[in-house]
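Novice: Dumping the structure here so I can ask a few things about it.
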Amino acid sequence: MSKTIDRETLLKIRAAERFESLSRRRFLRGAGAAIALPAFASLMPRDAFAARKAALKAPTRMAVVYVPNGAIPAAWWPAGDGGTNFELPRTLAPLANVRNHLQVISGLEDLCANAGPDGAGDHARAGGTFLTGVRIKKTAGSDIHAGISIDQVIANQIGHNTRFASLELTCDAVRKSGECDSGYACAYEYNMAWSSPNQPLSPEHNPQFAFERLFGQGSPKERVANLKRRQAEQNSILDFVLEDAQGVARELSGRDRQKLDQYLTSVREIEQRIENTTKMRVENPEIDAPAGVPVSYLDHADLMFDMLLLAFQTDSTRVATLLMAREGSNRPFTDIGIPSGHHDLTHHKNSAEIIEKVQEIDRWYVTRLARFLEKMDQAQDADGQSMLQNSMILYGSGNADGNRHTHDNLPILLAGAGGGAFQTGRYIKAKPQPLTNLFLSMADAMGTQGIDKHGDSTGRFSA
Amino acid sequence: MSLKRVFRITAPIAALAFVFPVARAATATPIQTYNSTILPILEKHCFECHGDGYDKGKVAFDLLESDKEILEPILWLRVLNNVRAGLMPAEGNPHLSADEQATLERWIKRDVFRLDPARPDPGRVTVRRLNRVEYRNTVRDLLGVDYNTEHEFPPDDTGFGFDNIGDALTTSPMLMEKYVAAAQTVVAQAVPLIARQPVAKIDTGMVFDGKGAGSKWGRRQLTFDTPADVATAFKTDLAGTYRVKLDLEVNGSYFPDPGKARVVVKVDGQEMVNQEFVYHDEKVFTFESRQKWPANSNHAVTIELTPTAPAAKKETVIDFFVNKLHVEGPLEPAHWVKTENYERYFPREVPKSRDERRAYAAELLGAFAQQAYRRPVTDNTAARLAALAEATYTQKGKSFEQGVAHAMAAVLASPRFLFKLEEAAPNSAGGIADVDDYSLASRLSYFLWSTMPDAQLMELASRNELRKNLNAQVERMLKDPRAENLARNFTGQWLQARDVEGIASNPRQIILRDAGEEETQRKLRQAFMKQDEEAIKRLNDYIEQVVDSKPEFSKDVRKAMREETEMYFAYVAREDRPVTEFIDSNYTFLNEELARMYGVPDVVGKQLRKVTLPAGNPRGGMLTQGSALVVTSNPDRTSPVKRGLFVLANFLGTPPPPPPANVPALEASEADFKGHEPTLRDVLKVHRENPACASCHNRMDPIGLAFENFNAYGAWRDSERKQPIVAQGNLITGEQFTSVSQLKRILVNDHREEFYRTLTGKLMTYATGRGMEYYDVDTIDQIVKRLDEQDGRFSALMTGIIESAPFQKMRTTATVTAAN
């Protein structure tokens with residue numbers, strides 16, 4: 001692919017690589033080491049029966065990675081009519097090493113994000129509808145209402161196989177105060193996963209906490225024991241508070257009751273998790289936990305991807321979401337010479353100079369993805385395949401052209417074959433259809449049963 | 001619209017009722033009044049755009065058909081707000097007369113909203129979870145532990161611009177997990193598990209001194225390259241066994257290195273450690289020895305380091321830190337002393353018998369739960385907690401104290417701690433009741449302090465005497481240091497002052513744009529691409545010089561900006577100043593750095609203090625404080641649109657509707673401005689030429705442009721891109737101004753009522769934890785009236801809110817009874 005890259009771009013890539021290598025943190029070396037280990041050992045289930053099954057087939061995993069503000073279409077879409085013979089365009093060029101694992105899919109749309117009678121707020125809608133496929137209620141906070149998100153629908157069926165039914169991560173460490181987009185509650189932008197129409201699942205932004213939640217606190221040698229000791233103590237606490245909550249909930253109604261129900265559901269889920277930990281092996285990556293949130297966004301993004309990788313590698317979960325930045329994010333990208341905010345730039349007034357900057361940002365994100373996908377590809381799975389081959393990493397945005405806030409022909413790519421469910425290395429020019437159709441097909445690949453409708457879906461994905 | 005006008009209206013309402021047809025409202029139905037009295041007003045003033053075939057903004061009054069459509073509160077709330085703000089009738093159409101407006105307001109409030117001033121509706125607050133600020137403060141007050149929730153917990157979702165809104169605060173499994181873990185951690189930190197323990201003396205490595213002793217990051221540093229011999233001496237009084245513990249650390253740089261060193265540690269000349277250390281990036285080694293020491297004896301610990309293999313490269317330093325020396329003893333129990341804080345949690349000796357133990361546990365835990373739940377608990381709750389403690393302390397190897405601590409952790413994870421559960425006083429009538437004294441105590445303390453009620457509030461509540469002493473208590477609470485939380489959390493969100501420390505800003509870029517040096521920057525980029533070293537150096541030096549000529553927008557300045565806004569609010573509250581000083585005054589709060597940024601002379605030192613501004617300085621009031629100017633800017637330039645919106649939304653209460661769904665592409669590329677790079681005024685002018693944009697941007701942009709003399713990080717500037725700045729403009733309501741100072745005066749003099757109403761609504765939202773609804777209009781109007789009668793004093797606002805129905809009362813459809 002390198003022949004499509006001009007000299008200036010190449011210089012920038014080299015500079016970024018050098019920057020990256022200098023700013024690597026201690027942890028990343030550790031993570032690199034862990035990734036060199038065969039994932040096989042980590043994935044061996046305890047009982048022999050399951051082991052026999054696993055020998056035949058490694059689990060399928062899925063992650064959804066969200067990027068805000070769409071992508072400049074001209075630099076995102078490959079030329080040509082699709083098929084296996086396509087060149088990666090400028091924005092996707094960093095994916096050259098995993099090209100054969102990709103499906104670049106056009107034609108997908110999220111029409112629930114269109115304005116309809118609700119007026120402005122395309123960013124909140126693009127974020128809030130992306131995985132739910134429903135119209136979200138326009139409210140400043142009194143009655144948020146979206147829908148259950150596809151990752152949670154899938155986790156509800158297969159989540160019992162792993163210690164964590166699902167994992168929610170974000171690279172947005174700071175929230176703005178005040179109001180969000182055009183009268184929509186901030187919850188729609190900052191949360192991708194929804195376990196019910198009014199229960200967003202807040203994502204973790206601190207890589208250290210994400211790590212400790214998965215594997216326990218303390219030194220590599222102590223952490224699993226620490227985790228188990230803590231959980232053992234928690235059991236009787238949870239019993240006590242559950243009784244309290246049931247008592248309180250009986251006396252409440254309406255929205256008050258809803259709040260207590262969220263509490264009750266959460267307590268029960270933790271109890272389930274603790275039970276799973278006693279039944280399932282806690283795979284301990286023998287590396288140090290990351291030391292909090294890195295200063296540089298690049299390091300932060302890479303670390304969150306590393307956490308995702310570790311979670312998959314240790315089979316702690318098979319369903320995950322990673323929000324690179326909230327929809328509408330106005331983050332500047334100073335390390336690649338772009339001091340202006342991403343969102344402001346996407347309204348580019350057709351200025352070639354500004355479009356150029358947005359493309360650079362689009363590619364910055366894709367470069368982070370590429371690094372992750374390459375690591376996934378190098379990790380060997382239980383069946384000897386590349387872990388990427390056995391997974392589905394959906395990457396994209398609920399905005400297509402950020403300048404005009406369009407929600408058709410979304411920039412979407414699906415990496416990994418889902419264990420063979422998909423034929424990769426293709427650019428698919430699909431007929432216009434809801435993004436949720438692709439989700440149904442992904443749910444099938446995850447081994448779920450009977451998920452025939454999600455949000456605005458009209459059927460399974462078809463090219 | 002001026003205040004005087006309103007009070008000409010409200011005062012004679014009662015009189016009007018006898019003279020004008022409105023008097024029939026007592027018998028006429030709302031629809032009859034609409035047809036007889038309201039429609040004629042609408043026809044006269046509104047049909048130009050909202051009737052006779054026009055439905056601007058999708059409102060056509062003559063198309064309202066059913067009674068339900070006519071009496072739709074949301075529609076009339078919009079009418080009320082727009083008419084009061086002078087936005088309707090729109091430009092060019094005659095305004096309503098005072099009488100007409102009074103008639104309209106009265107009909108909206110009484111017939112559409114069905115408000116009864118004698119029985120105001122308190123509204124419904126959804127049960128509120130403690131947000132992470134409240135949790136942190138509450139745990140600190142309860143257990144004396146500062147648990148950094150901003151670090152540990154995910155951010156709380158916000159509603160109506162605030163993070164304490166019951167409806168918006170959700171509980172996810174991850175958060176619950178964190179609550180349980182936090183409860184365990186906090187209790188482990190706070191509650192001592194043993195009654196007595198040996199005396200311990202812990203020193204940092206800095207007590208070691210001698211040959212080769214360096215220091216780094218405030219720690220005693222030796223290195224693998226340099227021979228060292230350091231020592232410390234101390235004296236012990238009592239005879240007995242002592243434990244000596246030493247923490248050492250190898251801390252190499254990023255790259256592994258073959259350097260090695262041998263280290264010998266001696267206690268009173270006896271070898272305790274003799275070991276060769278190799279490279280580690282960061283590893284702590286702990287060594288321990290026991291010593292039998294006589295009474296009144298002197299001791300020395302020495303550390304000797306000898307390099308055994310040189311480091312590979314000169315620049316690679318392997319540090320060897322001496323972290324801590326810990327001397328504990330005598331270890332014989334006869335010499336042990338009481339553990340710090342033990343008596344706070346365990347005031348008596350732990351009894352021996354099983355029954356007595358259980359009773360003691362129930363007593364301790366009942367009292368703790370009462371504090372934590374902020375209301376009395378039943379015997380049953382205490383007994384359940386005691387049983388939980390007993391299940392732990394009867395386990396092998398567990399102490400009574402451990403059992404009690406475990407049950408305390410359960411209290412902190414209970415919904416009765418995590419949620420503000422409220423209860424009605426027994427005076428409920430017609431679905432409305434006072435909240436009980438305990439609920440009121442919590443409402444007050446979380447409003448004014450963002451934390452749990454203190455002992456005095458709880459004591460008054462227990463005697464049902466809080467309401468009797470309300471004014472004195474509020475006064476006491478506002479003087480308490482905890483009231484800083486109101487300043488911090490309210491202004492932090494009302495004016496987003498919280499964000500000023502974290503928001504992305506690129507001062508370098510801002511300075512270069514202001515100075516019109518973007519072209520130089522482009523040249524520098526080209527020079528980089530051509531690898532033209534000479535040009536790179538020349539251009540770079542020039543740019544550095546331009547940037548360095550401006551005061552630095554540092555971390556400290558950002559912090560000072562946040563504190564300035566908080567202190568300003570706290571000052572107005574504490575000194576009971578007129579709230580209009582939030583808009584305009586001749587003072588602010590500065591330290592040296594911030595004063596330099598603002599161009600105010602003679603302020604020395606780091607501490608912020610009240611500074612009277614020199615005549616002509618435009619900084620008085622919150623609108624021109626750094627925090628407001630920065631949070632309304634983009635990372636690289638100002639945003640007059642955001643600034644205009646900020647003033648309209650947060651001070652005047654009339655934010656324009658959000659932009660239309662399909663924003664027309666702004667084709668005005670910067671190439672259109674031949675001769676110079678366009679200023680924001682140039683760009684926005686083109687913007688407003690588009691009629692689709694003009695109706696709202698004519699309201700926002702002139703206000704925002706008045707602030708153009710303040711750059712994107714809040715410093716004064718006279719030009720942008722080498723073009724002089726023009727701050728002149730006019731409000732949509734007609735008033736003209738030529739400077740930001742004049743704009744402030746117009747806001748204070750001619751828009752005071754809107755400001756009062758907006759501020760009241762914001763503070764009510766924060767105080768009650770719910771958004772303001774149409775049925776709150778009367779309540780807010782009463783507080784606005786009170787503010788006007790008392791020259792805008794802060795106390796009028798505060799007492800108005802605290803005495804209001806939404807703060808004092810609740811609807812009694814869903815209540816919680818005492819914890820059982």
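Chain labels A, B, ... are given in the sequence in which chains occur in the structure tokens; within each chain residues are numbered consecutively from 1, and ligands are likewise numbered from 1 in the order shown.
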Please, which residues of chain A lie no more than 7 Å from chain B when the count uses only C-alpha atoms, and can they be set out as an MDAnalysis selection string?

Specialist: chainID A and resid 8 115 119:120 140:143 176:179 182 185:187 199 201:202 204 237 240:241 244:245 248 251:253 255:256 259 262:263 266:267 269:270 331:332 339:341 349:351 404

Novice: I need the strand (DSSP E or B) residues of stretch 215-419 of chain A per DSSP on the backbone, written as a list in words.

Specialist: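 Strand (DSSP E or B) members of stretch 215-419 of chain A, listed: Val319, Ala320, Thr321, Leu322, Leu323, Pro332, Phe333, Ile338, Pro339, Ser340, Gly341, Gln380, Ser386, Ser391, Met392, Ile393, Leu394, Tyr395, Gly396, Ile412, Leu413, Leu414 and Ala415 of chain A.
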
Novice: For B:Met561, find every residue with an atom within 12 Å (counting only C-alpha atoms), except residues of its own chain fewer than 2 positions away, and show them as a ChimeraX atom specification.

Specialist: /B:492,495-502,553-559,563-568,588-595,597-598,608,622,624-631,713-715

Novice: Taking the DSSP assignment computed from this structure's backbone, write out as a PyMOL selection string all residues of stretch 144-362 of chain A that belong to alpha helix (DSSP H).

Specialist: chain A and resi 150-158+187-190+207-215+223-250+254-279+297-313+342-346+352-362

Novice: Using only C-alpha atoms for the distances, tell me which of A:Arg281, A:His145, A:His205, A:Arg90 is nearest to A:Thr162.

Specialist: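 Of A:Arg281, A:His145, A:His205, A:Arg90, the one nearest A:Thr162 is A:Arg281, counting only C-alpha atoms.
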
Novice: Could you check how far atom CA of B:Asn586 sits from atom CA of B:Gly599, in Å to one decimal?

Specialist: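 So the answer is 14.5 Å.
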